[in-house]
Amino acid sequence: RSQWKIFKKVSKSIMTNPLIVMTLLGILGNLLFHSSMPSIIHEFMKTLGSAFSGSALFMLGLRMVNQSGAQSKGLKSHLLTFLLIMIKSLVLPLVTREIVSQMNSGNSTDALSNYGFLYGTIPTAPSVFVYASSYNLEPELFAGAITASTFLAAPLMYISAKMMMIKNINPAEYIDQIDLFLLDVSVIGVIAAIWVIFVLAITKRGYTMPHQMTLVLTSFQGIACIG
């Protein structure tokens, strides 16, 4: 009897979940309209879909501001967040690439394995945070992990895409491609250095140790990027 109650509770939670219900309705609509939805309904659904991403990211940022619950848990919470980010951003792409490589898809194995690696670097979807908030499963922890993973995924995806492009480039063009890559990295480095110097100057922390060393190192790093 208890197992039946658990089954009913889980089934009810699944069938009343908006993400699952709307996905099933989308499949049903695709069958009813024969893969050609009327323009009025399509534009309306497209607007709703765009609103979901913005609302989820806004909710994620709002939760990041109020981090009293996560801060009270101390080092353990931050360590767990760091481990989640490392596993998602670094371990998952490697595991995905190796799994695709072991499947041995013929001539396209190399391309598919590279795609698997790049796919693994994609940041976590905001819908994960929506799930965590709906079921109250450590929303503060998920908010921090997803936000940090999103910021880390941008340079990781860029570097991964650049490295994959090297195999399709003529060896004679390597120097030009490396120069372009160094230019992009230098621009980002200069912007980051200016921002750090600006923050240290506004907060007046750059006048005290050890922030003076940080200020000097950041200044030389910015000069190196310009050079």
# chains A, B, ... in the order shown; residues from 1 in each chain; ligands from 1
>>> residues_around(residues="Thr147 (chain A)", least_positions_apart="2", cutoff="10 Å", atoms="only C-alpha atoms", output="list in words")
Leu57, Leu60, Gly61, Met64, Ile85, Pro123, Thr124, Pro126, Phe142, Ala143, Gly144, Ala145, Ser149, Thr150, Phe151, Leu152 and Ala153 of chain A
>>> select_by_dssp(residues="chain A", states="alpha helix (DSSP H)", output="PyMOL selection string")
chain A and resi 2-15+18-32+39-65+68-72+75-86+92-102+109-120+126-134+139-166+174-203+211-226
>>> closest_atom_pairs(of="region 95-205 of chain A", to="region 222-225 of chain A", cutoff="6 Å", atoms="only C-alpha atoms", output="CSV")
residue,atom,partner,partner_atom,distance
A:Ser186,CA,A:Cys225,CA,4.7
A:Val190,CA,A:Gly222,CA,5.0
A:Ala193,CA,A:Gly222,CA,5.4
>>> decode(residues="region 183-213 of chain A", atoms="N, CA and C atoms", output="PDB file, in the first residue's frame")
ATOM      1  N   LEU A 183      45.172  38.072 -30.603  1.00  0.00           N
ATOM      2  CA  LEU A 183      44.521  39.379 -30.583  1.00  0.00           C
ATOM      3  C   LEU A 183      43.233  39.330 -29.765  1.00  0.00           C
ATOM      4  N   ASP A 184      42.437  38.296 -29.986  1.00  0.00           N
ATOM      5  CA  ASP A 184      41.186  38.170 -29.230  1.00  0.00           C
ATOM      6  C   ASP A 184      41.460  38.025 -27.732  1.00  0.00           C
ATOM      7  N   VAL A 185      42.425  37.180 -27.395  1.00  0.00           N
ATOM      8  CA  VAL A 185      42.759  36.978 -25.982  1.00  0.00           C
ATOM      9  C   VAL A 185      43.313  38.260 -25.366  1.00  0.00           C
ATOM     10  N   SER A 186      44.108  39.010 -26.136  1.00  0.00           N
ATOM     11  CA  SER A 186      44.683  40.253 -25.620  1.00  0.00           C
ATOM     12  C   SER A 186      43.613  41.290 -25.349  1.00  0.00           C
ATOM     13  N   VAL A 187      42.628  41.376 -26.233  1.00  0.00           N
ATOM     14  CA  VAL A 187      41.527  42.334 -26.026  1.00  0.00           C
ATOM     15  C   VAL A 187      40.768  41.997 -24.753  1.00  0.00           C
ATOM     16  N   ILE A 188      40.469  40.722 -24.560  1.00  0.00           N
ATOM     17  CA  ILE A 188      39.771  40.304 -23.341  1.00  0.00           C
ATOM     18  C   ILE A 188      40.631  40.579 -22.111  1.00  0.00           C
ATOM     19  N   GLY A 189      41.954  40.309 -22.221  1.00  0.00           N
ATOM     20  CA  GLY A 189      42.853  40.553 -21.099  1.00  0.00           C
ATOM     21  C   GLY A 189      42.937  42.023 -20.730  1.00  0.00           C
ATOM     22  N   VAL A 190      42.975  42.907 -21.730  1.00  0.00           N
ATOM     23  CA  VAL A 190      43.035  44.346 -21.457  1.00  0.00           C
ATOM     24  C   VAL A 190      41.761  44.807 -20.752  1.00  0.00           C
ATOM     25  N   ILE A 191      40.612  44.343 -21.241  1.00  0.00           N
ATOM     26  CA  ILE A 191      39.340  44.724 -20.620  1.00  0.00           C
ATOM     27  C   ILE A 191      39.281  44.238 -19.170  1.00  0.00           C
ATOM     28  N   ALA A 192      39.702  42.980 -18.937  1.00  0.00           N
ATOM     29  CA  ALA A 192      39.689  42.440 -17.578  1.00  0.00           C
ATOM     30  C   ALA A 192      40.651  43.199 -16.670  1.00  0.00           C
ATOM     31  N   ALA A 193      41.834  43.545 -17.201  1.00  0.00           N
ATOM     32  CA  ALA A 193      42.815  44.275 -16.391  1.00  0.00           C
ATOM     33  C   ALA A 193      42.297  45.663 -16.021  1.00  0.00           C
ATOM     34  N   ILE A 194      41.691  46.354 -16.981  1.00  0.00           N
ATOM     35  CA  ILE A 194      41.133  47.687 -16.706  1.00  0.00           C
ATOM     36  C   ILE A 194      40.041  47.601 -15.653  1.00  0.00           C
ATOM     37  N   TRP A 195      39.225  46.570 -15.741  1.00  0.00           N
ATOM     38  CA  TRP A 195      38.135  46.416 -14.773  1.00  0.00           C
ATOM     39  C   TRP A 195      38.689  46.165 -13.365  1.00  0.00           C
ATOM     40  N   VAL A 196      39.702  45.304 -13.236  1.00  0.00           N
ATOM     41  CA  VAL A 196      40.289  45.029 -11.924  1.00  0.00           C
ATOM     42  C   VAL A 196      40.939  46.282 -11.350  1.00  0.00           C
ATOM     43  N   ILE A 197      41.672  47.011 -12.187  1.00  0.00           N
ATOM     44  CA  ILE A 197      42.307  48.256 -11.715  1.00  0.00           C
ATOM     45  C   ILE A 197      41.242  49.269 -11.295  1.00  0.00           C
ATOM     46  N   PHE A 198      40.147  49.340 -12.053  1.00  0.00           N
ATOM     47  CA  PHE A 198      39.075  50.278 -11.724  1.00  0.00           C
ATOM     48  C   PHE A 198      38.440  49.930 -10.376  1.00  0.00           C
ATOM     49  N   VAL A 199      38.184  48.645 -10.157  1.00  0.00           N
ATOM     50  CA  VAL A 199      37.574  48.226  -8.891  1.00  0.00           C
ATOM     51  C   VAL A 199      38.510  48.491  -7.715  1.00  0.00           C
ATOM     52  N   LEU A 200      39.806  48.183  -7.887  1.00  0.00           N
ATOM     53  CA  LEU A 200      40.759  48.420  -6.811  1.00  0.00           C
ATOM     54  C   LEU A 200      40.911  49.906  -6.513  1.00  0.00           C
ATOM     55  N   ALA A 201      40.815  50.757  -7.537  1.00  0.00           N
ATOM     56  CA  ALA A 201      40.939  52.199  -7.331  1.00  0.00           C
ATOM     57  C   ALA A 201      39.695  52.779  -6.675  1.00  0.00           C
ATOM     58  N   ILE A 202      38.510  52.326  -7.098  1.00  0.00           N
ATOM     59  CA  ILE A 202      37.261  52.857  -6.534  1.00  0.00           C
ATOM     60  C   ILE A 202      37.107  52.447  -5.075  1.00  0.00           C
ATOM     61  N   THR A 203      37.420  51.197  -4.775  1.00  0.00           N
ATOM     62  CA  THR A 203      37.281  50.704  -3.398  1.00  0.00           C
ATOM     63  C   THR A 203      38.462  51.104  -2.511  1.00  0.00           C
ATOM     64  N   LYS A 204      39.504  51.673  -3.114  1.00  0.00           N
ATOM     65  CA  LYS A 204      40.715  52.104  -2.408  1.00  0.00           C
ATOM     66  C   LYS A 204      41.454  50.941  -1.748  1.00  0.00           C
ATOM     67  N   ARG A 205      41.197  49.740  -2.222  1.00  0.00           N
ATOM     68  CA  ARG A 205      41.938  48.594  -1.705  1.00  0.00           C
ATOM     69  C   ARG A 205      43.317  48.469  -2.338  1.00  0.00           C
ATOM     70  N   GLY A 206      43.500  49.144  -3.467  1.00  0.00           N
ATOM     71  CA  GLY A 206      44.782  49.063  -4.151  1.00  0.00           C
ATOM     72  C   GLY A 206      45.907  49.762  -3.421  1.00  0.00           C
ATOM     73  N   TYR A 207      45.577  50.506  -2.339  1.00  0.00           N
ATOM     74  CA  TYR A 207      46.597  51.221  -1.579  1.00  0.00           C
ATOM     75  C   TYR A 207      47.103  50.421  -0.385  1.00  0.00           C
ATOM     76  N   THR A 208      46.545  49.242  -0.163  1.00  0.00           N
ATOM     77  CA  THR A 208      46.941  48.418   0.972  1.00  0.00           C
ATOM     78  C   THR A 208      47.448  47.074   0.475  1.00  0.00           C
ATOM     79  N   MET A 209      48.259  46.443   1.304  1.00  0.00           N
ATOM     80  CA  MET A 209      48.763  45.104   1.000  1.00  0.00           C
ATOM     81  C   MET A 209      47.701  44.072   1.379  1.00  0.00           C
ATOM     82  N   PRO A 210      47.568  42.973   0.650  1.00  0.00           N
ATOM     83  CA  PRO A 210      48.362  42.545  -0.519  1.00  0.00           C
ATOM     84  C   PRO A 210      47.787  43.030  -1.849  1.00  0.00           C
ATOM     85  N   HIS A 211      46.782  43.928  -1.780  1.00  0.00           N
ATOM     86  CA  HIS A 211      46.131  44.379  -3.011  1.00  0.00           C
ATOM     87  C   HIS A 211      47.066  45.240  -3.858  1.00  0.00           C
ATOM     88  N   GLN A 212      48.100  45.829  -3.233  1.00  0.00           N
ATOM     89  CA  GLN A 212      49.071  46.582  -4.024  1.00  0.00           C
ATOM     90  C   GLN A 212      49.792  45.677  -5.021  1.00  0.00           C
ATOM     91  N   MET A 213      50.133  44.467  -4.564  1.00  0.00           N
ATOM     92  CA  MET A 213      50.775  43.510  -5.468  1.00  0.00           C
ATOM     93  C   MET A 213      49.828  43.110  -6.593  1.00  0.00           C
TER      94      MET A 213
END
